[in-house]
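protein.cif (mmCIF, C-alpha atoms)
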data_query
loop_
_atom_site.label_atom_id
_atom_site.label_comp_id
_atom_site.auth_asym_id
_atom_site.auth_seq_id
_atom_site.Cartn_x
_atom_site.Cartn_y
_atom_site.Cartn_z
CA MET A 161 47.35 21.22 -256.11
CA ALA A 162 51.14 21.43 -256.16
CA GLU A 163 52.89 18.75 -254.11
CA THR A 164 56.61 18.51 -254.78
CA ALA A 165 59.09 21.41 -254.73
CA GLU A 166 59.74 20.88 -258.43
CA GLU A 167 56.02 21.13 -259.22
CA ILE A 168 55.68 24.32 -257.14
CA ARG A 169 58.63 25.91 -259.02
CA GLU A 170 57.01 24.93 -262.32
CA HIS A 171 53.72 26.45 -261.19
CA SER A 172 55.47 29.69 -260.21
CA LYS A 173 56.64 30.05 -263.83
CA VAL A 174 53.04 29.52 -264.97
CA TYR A 175 51.87 32.32 -262.61
CA ILE A 176 54.21 34.77 -264.38
CA LYS A 177 52.88 33.70 -267.80
CA ILE A 178 49.31 34.19 -266.55
CA LEU A 179 50.29 37.64 -265.23
CA ILE A 180 51.53 38.65 -268.70
CA ALA A 181 48.34 37.28 -270.30
CA LEU A 182 46.15 39.20 -267.81
CA LEU A 183 48.00 42.48 -268.39
CA ALA A 184 47.72 42.01 -272.16
CA LEU A 185 44.01 41.21 -271.90
CA THR A 186 43.46 44.35 -269.79
CA LEU A 187 45.00 46.46 -272.56
CA LEU A 188 42.81 44.60 -275.07
CA THR A 189 39.71 45.32 -272.93
CA VAL A 190 40.44 49.05 -273.06
CA ALA A 191 41.33 48.96 -276.79
CA VAL A 192 38.10 47.18 -277.84
CA SER A 193 36.00 49.57 -275.75
CA TYR A 194 36.93 52.31 -278.26
CA GLN A 195 35.83 50.16 -281.21
CA ASP A 196 32.38 50.53 -282.74
CA PHE A 197 30.71 47.12 -282.87
CA GLY A 198 27.45 48.47 -284.28
CA SER A 199 25.36 48.04 -281.12
CA VAL A 200 25.69 48.45 -277.38
CA TYR A 201 24.88 44.76 -276.88
CA ALA A 202 27.79 43.68 -279.13
CA SER A 203 30.18 45.96 -277.20
CA VAL A 204 28.91 44.58 -273.88
CA PHE A 205 29.30 41.02 -275.16
CA VAL A 206 32.92 41.56 -276.29
CA GLY A 207 33.85 43.43 -273.08
CA LEU A 208 32.35 40.78 -270.82
CA LEU A 209 33.83 37.95 -272.93
CA ILE A 210 37.36 39.28 -272.33
CA ALA A 211 36.55 39.83 -268.62
CA THR A 212 35.31 36.23 -268.41
CA ILE A 213 38.54 34.93 -269.97
CA LYS A 214 40.56 37.00 -267.46
CA GLY A 215 38.40 35.84 -264.57
CA SER A 216 38.77 32.21 -265.64
CA LEU A 217 42.55 32.54 -265.68
CA VAL A 218 42.55 33.96 -262.15
CA ALA A 219 40.14 31.29 -260.87
CA CYS A 220 41.81 28.33 -262.61
CA TYR A 221 45.47 29.16 -261.94
CA PHE A 222 45.74 31.58 -258.98
CA MET A 223 42.83 29.99 -257.07
CA HIS A 224 43.86 26.52 -258.28
CA LEU A 225 40.35 25.62 -259.43
CA ILE A 226 41.86 23.70 -262.31
CA ASP A 227 42.76 20.95 -259.83
CA GLU A 228 40.52 21.06 -256.74
CA GLN A 229 38.43 18.77 -254.57
CA LYS A 230 34.96 17.85 -255.80
CA ILE A 231 33.21 19.52 -252.82
CA ILE A 232 34.52 22.96 -253.90
CA TYR A 233 33.06 22.49 -257.38
CA TRP A 234 29.70 21.68 -255.73
CA VAL A 235 29.85 24.77 -253.50
CA LEU A 236 30.73 26.98 -256.47
CA GLY A 237 28.23 25.24 -258.76
CA ILE A 238 25.39 26.12 -256.37
CA ALA A 239 26.66 29.71 -256.08
CA VAL A 240 26.95 30.04 -259.88
CA PHE A 241 23.40 28.66 -260.31
CA PHE A 242 21.91 31.28 -257.98
CA PHE A 243 24.17 33.96 -259.49
CA THR A 244 22.69 33.09 -262.89
CA VAL A 245 19.19 33.42 -261.41
CA LEU A 246 20.15 36.89 -260.10
CA MET A 247 21.46 37.89 -263.54
CA ALA A 248 18.18 36.71 -265.08
CA VAL A 249 16.09 38.87 -262.73
CA PRO A 250 16.34 42.00 -264.94
CA TYR A 251 15.09 39.94 -267.91
CA LEU A 252 12.17 38.59 -265.89
CA THR A 253 10.88 41.98 -264.78
CA ASP A 254 8.40 43.85 -266.91
CA SER A 255 8.36 47.25 -265.22
CA ASN A 256 9.56 49.83 -267.73
CA SER A 257 12.14 47.45 -269.18
CA VAL A 258 13.76 48.13 -272.53
CA PHE A 259 13.03 44.52 -273.40
CA ASN A 260 9.32 45.30 -273.58
CA ARG A 261 9.65 48.30 -275.85
CA MET B 18 40.58 23.60 -224.39
CA ASP B 19 40.36 21.22 -227.32
CA GLU B 20 42.19 22.17 -230.48
CA ILE B 21 40.18 22.97 -233.60
CA PRO B 22 40.45 19.80 -235.72
CA TYR B 23 41.65 19.63 -239.34
CA THR B 24 43.45 22.99 -239.44
CA VAL B 25 46.39 21.34 -241.20
CA LYS B 26 45.49 17.83 -242.27
CA PRO B 27 42.56 17.37 -244.67
CA HIS B 28 39.22 16.20 -243.32
CA PRO B 29 38.62 12.60 -244.46
CA LEU B 30 35.19 13.45 -245.93
CA SER B 31 35.89 16.72 -247.76
CA GLY B 32 39.56 16.14 -248.56
CA LEU B 33 40.17 19.73 -247.42
CA TYR B 34 41.42 21.33 -244.23
CA SER B 35 38.56 23.15 -242.48
CA GLY B 36 39.76 26.69 -243.19
CA LYS B 37 39.79 26.09 -246.92
CA LEU B 38 36.24 24.75 -247.00
CA GLY B 39 35.22 27.70 -244.82
CA ILE B 40 36.79 30.32 -247.09
CA TRP B 41 35.17 28.78 -250.19
CA LEU B 42 31.75 28.84 -248.49
CA PHE B 43 32.40 32.50 -247.58
CA LEU B 44 33.41 33.25 -251.19
CA ALA B 45 30.20 31.59 -252.41
CA SER B 46 28.25 34.05 -250.22
CA GLU B 47 30.35 36.88 -251.66
CA VAL B 48 29.38 35.77 -255.19
CA MET B 49 25.76 36.31 -254.15
CA LEU B 50 26.52 39.71 -252.55
CA PHE B 51 28.21 41.11 -255.65
CA GLY B 52 25.75 39.20 -257.86
CA ALA B 53 22.87 41.13 -256.28
CA LEU B 54 24.68 44.41 -256.98
CA PHE B 55 25.46 43.48 -260.60
CA SER B 56 21.84 42.40 -261.06
CA SER B 57 20.62 45.75 -259.67
CA TYR B 58 23.05 47.57 -261.96
CA ILE B 59 21.70 45.73 -265.03
CA LEU B 60 18.11 46.38 -263.94
CA LEU B 61 18.75 50.12 -263.47
CA ARG B 62 20.68 50.38 -266.72
CA VAL B 63 18.26 48.55 -269.03
CA GLY B 64 15.27 50.20 -267.37
CA SER B 65 16.64 53.69 -267.89
CA ASP B 66 15.80 55.85 -270.92
CA SER B 67 19.38 57.08 -271.10
CA TRP B 68 22.51 55.88 -269.35
CA PRO B 69 25.82 57.73 -269.45
CA VAL B 70 28.85 56.09 -271.06
CA GLY B 71 31.29 55.33 -268.25
CA SER B 72 34.36 56.16 -270.33
CA GLU B 73 33.09 59.75 -270.83
CA LEU B 74 32.65 60.40 -267.10
CA LEU B 75 35.22 58.24 -265.32
CA ASN B 76 39.00 58.21 -265.40
CA ILE B 77 40.03 55.22 -267.57
CA PRO B 78 43.84 55.55 -267.11
CA LEU B 79 43.49 55.52 -263.30
CA ALA B 80 41.10 52.54 -263.40
CA MET B 81 43.46 50.70 -265.76
CA LEU B 82 46.35 51.43 -263.39
CA ASN B 83 44.29 49.98 -260.54
CA THR B 84 43.54 46.89 -262.65
CA PHE B 85 47.28 46.39 -263.20
CA ILE B 86 47.93 46.90 -259.47
CA LEU B 87 45.36 44.28 -258.43
CA ILE B 88 46.49 41.73 -261.02
CA ILE B 89 50.13 42.12 -259.94
CA SER B 90 49.09 41.83 -256.28
CA SER B 91 47.29 38.57 -257.05
CA VAL B 92 50.55 37.22 -258.47
CA THR B 93 52.59 38.37 -255.46
CA VAL B 94 50.14 36.59 -253.12
CA VAL B 95 50.33 33.31 -254.99
CA LEU B 96 54.14 33.59 -255.24
CA GLY B 97 54.23 34.25 -251.47
CA TRP B 98 52.20 31.10 -250.85
CA ALA B 99 54.46 29.11 -253.21
CA SER B 100 57.56 30.42 -251.37
CA LEU B 101 56.08 29.26 -248.04
CA LYS B 102 55.48 25.83 -249.55
CA LEU B 103 59.16 25.77 -250.55
CA GLY B 104 60.23 26.82 -247.02
CA GLU B 105 61.56 30.18 -248.27
CA HIS B 106 60.02 32.21 -245.45
CA GLY B 107 61.88 35.48 -245.99
CA LYS B 108 60.98 35.55 -249.68
CA ALA B 109 57.36 34.73 -248.85
CA LYS B 110 57.10 37.65 -246.41
CA MET B 111 58.64 39.97 -248.99
CA TYR B 112 56.00 38.97 -251.57
CA LEU B 113 53.21 39.43 -249.02
CA TRP B 114 54.45 42.89 -247.93
CA VAL B 115 54.57 43.88 -251.62
CA THR B 116 50.94 42.75 -251.80
CA VAL B 117 50.05 45.03 -248.88
CA LEU B 118 51.85 47.96 -250.53
CA LEU B 119 50.04 47.32 -253.81
CA ALA B 120 46.73 47.19 -251.92
CA PHE B 121 47.48 50.60 -250.37
CA GLY B 122 48.44 51.80 -253.86
CA PHE B 123 45.02 50.72 -255.12
CA LEU B 124 43.28 52.67 -252.34
CA ILE B 125 45.40 55.78 -252.97
CA VAL B 126 44.54 55.73 -256.69
CA LYS B 127 40.88 55.18 -255.79
CA GLY B 128 41.14 58.11 -253.35
CA PHE B 129 42.33 60.39 -256.18
CA GLU B 130 39.42 59.19 -258.31
CA TYR B 131 36.83 59.78 -255.58
CA GLY B 132 38.46 63.11 -254.64
CA ALA B 133 38.11 64.38 -258.21
CA LYS B 134 34.43 63.47 -258.20
CA PHE B 135 33.70 65.04 -254.81
CA SER B 136 35.55 68.23 -255.78
CA HIS B 137 33.08 68.56 -258.67
CA HIS B 138 30.19 68.02 -256.21
CA ILE B 139 29.49 64.58 -257.69
CA SER B 140 28.17 62.08 -255.15
CA PRO B 141 26.02 58.92 -255.07
CA ALA B 142 22.99 61.24 -254.93
CA THR B 143 23.87 62.79 -258.33
CA ASN B 144 22.15 60.12 -260.44
CA ASN B 145 21.67 56.34 -260.74
CA PHE B 146 24.96 55.93 -262.63
CA TYR B 147 27.00 57.50 -259.85
CA ALA B 148 24.91 55.71 -257.19
CA THR B 149 25.87 52.33 -258.70
CA TYR B 150 29.46 53.47 -259.32
CA PHE B 151 30.04 54.59 -255.71
CA THR B 152 28.16 51.63 -254.19
CA MET B 153 29.97 48.95 -256.17
CA THR B 154 33.46 50.46 -256.10
CA GLY B 155 32.95 51.48 -252.45
CA LEU B 156 32.02 47.96 -251.36
CA HIS B 157 34.92 46.60 -253.38
CA GLY B 158 37.21 49.15 -251.69
CA LEU B 159 36.02 47.93 -248.27
CA HIS B 160 37.04 44.42 -249.32
CA ILE B 161 40.51 45.78 -250.15
CA VAL B 162 40.69 47.30 -246.64
CA GLY B 163 39.64 43.93 -245.17
CA GLY B 164 42.34 42.17 -247.19
CA ILE B 165 44.99 44.62 -245.97
CA ALA B 166 43.93 44.01 -242.34
CA VAL B 167 44.22 40.23 -242.78
CA PHE B 168 47.63 40.34 -244.48
CA VAL B 169 49.07 42.87 -241.99
CA TYR B 170 47.88 40.66 -239.11
CA LEU B 171 49.38 37.53 -240.71
CA LEU B 172 52.67 39.37 -241.31
CA THR B 173 52.94 40.87 -237.81
CA SER B 174 51.50 39.30 -234.64
CA GLY B 175 49.99 36.39 -236.59
CA SER B 176 53.40 35.43 -238.01
CA LYS B 177 54.39 33.71 -234.72
CA LEU B 178 52.52 30.71 -236.10
CA LEU B 179 55.10 30.46 -238.89
CA GLU B 180 57.73 29.39 -236.36
CA GLU B 181 55.37 27.15 -234.36
CA ASN B 182 53.53 25.43 -237.20
CA PRO B 183 54.63 26.48 -240.73
CA GLU B 184 52.07 24.25 -242.46
CA HIS B 185 49.18 25.81 -240.53
CA TYR B 186 50.52 29.31 -241.33
CA THR B 187 50.83 28.40 -245.03
CA ASN B 188 47.20 27.27 -245.01
CA ARG B 189 46.15 30.61 -243.50
CA ILE B 190 48.02 32.45 -246.24
CA GLU B 191 46.32 30.23 -248.83
CA CYS B 192 42.88 31.16 -247.43
CA ALA B 193 43.77 34.88 -247.33
CA GLY B 194 45.10 34.52 -250.88
CA LEU B 195 41.86 32.92 -252.11
CA TYR B 196 39.96 35.90 -250.69
CA TRP B 197 42.39 38.31 -252.35
CA HIS B 198 42.07 36.61 -255.77
CA PHE B 199 38.29 36.89 -255.42
CA VAL B 200 38.62 40.64 -254.79
CA ASP B 201 40.76 40.83 -257.95
CA LEU B 202 38.15 38.78 -259.84
CA VAL B 203 35.35 41.18 -258.86
CA TRP B 204 37.41 44.15 -260.08
CA ILE B 205 38.05 42.39 -263.42
CA PHE B 206 34.28 42.56 -264.04
CA LEU B 207 33.68 45.95 -262.38
CA PHE B 208 36.26 47.67 -264.58
CA PRO B 209 34.60 47.06 -267.98
CA ALA B 210 31.04 47.14 -266.59
CA LEU B 211 31.34 50.58 -264.96
CA TYR B 212 34.18 52.32 -266.77
CA LEU B 213 34.15 51.07 -270.35
CA LEU B 214 30.70 49.90 -271.44
#

The structure given in the file should be rewritten as structure tokens.
Amino acid sequence: MAETAEEIREHSKVYIKILIALLALTLLTVAVSYQDFGSVYASVFVGLLIATIKGSLVACYFMHLIDEQKIIYWVLGIAVFFFTVLMAVPYLTDSNSVFNR
Amino acid sequence: MDEIPYTVKPHPLSGLYSGKLGIWLFLASEVMLFGALFSSYILLRVGSDSWPVGSELLNIPLAMLNTFILIISSVTVVLGWASLKLGEHGKAKMYLWVTVLLAFGFLIVKGFEYGAKFSHHISPATNNFYATYFTMTGLHGLHIVGGIAVFVYLLTSGSKLLEENPEHYTNRIECAGLYWHFVDLVWIFLFPALYLL
């Protein structure tokens, strides 16, 4: 977390660089969505990969997760674990799922 | 009445002031809320024989504009917080009002998008695609409204605290900012999931 005035000014410059990166990645997200990657799963993977990079930039720099207290990492770690379980639910179901066809 | 402890100084155990730990716990619950919706979306999509391509039914330019608006608003919030840390109160308020305007801009664009759908008699009842689209973007939109309410309060009657205790006020803005970045983060995933893929 920023402490001195000089550090805060330096961080403000980083925020602008992250803004430019996020806007560029948004354009890239739209551009790749028009590309044919051969399968829906490949398109989903590329789209979500770019979204994950964008999300990481927001979380690390704007939410300052790059330099936070250990307890916040624990809180988020538990949330991410259960989030992963939720994402796995569709794969664990067998009612009319495309994975069983 | 006793004052709420650790609103400014960090708690010796957590190393955080209480509000910050509170907002992170709240955001963890929000991860689960949107996680459940994303999980339902995946379940409906992979379990369906055919699923429409979002880009053929939804307005990509408007959604991209809204993505730009939210990303810029995230930057204005963090610059507002940084200005408060530097003691530049006027500049901080300017950044935060710009955030509020951008948030209204997002809702107006979203209103045009919804309006176009309703005018074509498209509603959540139309099919599973539109049910997930309206539910997820609608809940996200409610979070935008909540964010506007918090920022407007902090910039109007809540801003008295800035004169009385600037550090406490800065912490409140940091907590509101963390919430706002989370709302931005959710949209970053909603945009490709619903509109592009």

Applied to this file, what does the PyMOL selection byres ((chain A) within 9 of (chain B)) return in terms of residues, put as a PyMOL selection string?
chain A and resi 162-165+168-169+171-172+175-176+178-179+182-183+186-187+189-190+193-194+200+203-204+207-208+211-212+214-216+218-219+222-223+229-232+235-236+238-240+242-244+246-251+253+255-259

Can you tell me how far atom CA of B:His28 sits from atom CA of B:Val200, in Å to one decimal?
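Distance reported for this atom pair: 27.0 Å.
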
Name the residues captured by the PyMOL selection byres ((chain B and resi 127) around 9) when it is applied to the shown file; answer as a VMD selection string.
chain B and resid 79 to 80 83 122 to 126 128 to 132 154 158

Coordinates-based distance that separates atom CA of A:Leu225 from atom CA of B:Ala109 (Å, one decimal)
22.0 Å

When you draw a straight line from atom CA of B:Glu184 to atom CA of B:Pro29, how long is it in Å?
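About the pair atom CA of B:Glu184 and atom CA of B:Pro29: they are 17.9 Å apart.
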
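Run against this file, the PyMOL selection byres ((chain B and resi 183) around 12) gives back Thr24, Val25, Trp98, Ser100, Leu101, Lys102, Leu103, Gly104, Glu105, His106, Ala109, Gly175, Ser176, Lys177, Leu178, Leu179, Glu180, Glu181, Asn182, Glu184, His185, Tyr186, Thr187, Asn188, Arg189 and Ile190 of chain B.
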
Once 4 Å is added on each side, what centre and edge lengths in Å to one decimal does the axis-aligned box around all listed atoms of stretch 202-220 of chain A have, as lines of an AutoDock Vina configuration file?
center_x = 35.2
center_y = 37.1
center_z = -270.0
size_x = 22.8
size_y = 25.6
size_z = 26.3

Here is a test: counting all atoms listed in the file, which residue of B:Lys26, B:Leu74, B:Phe121, B:Tyr112 is nearest to B:Leu159?
B:Phe121
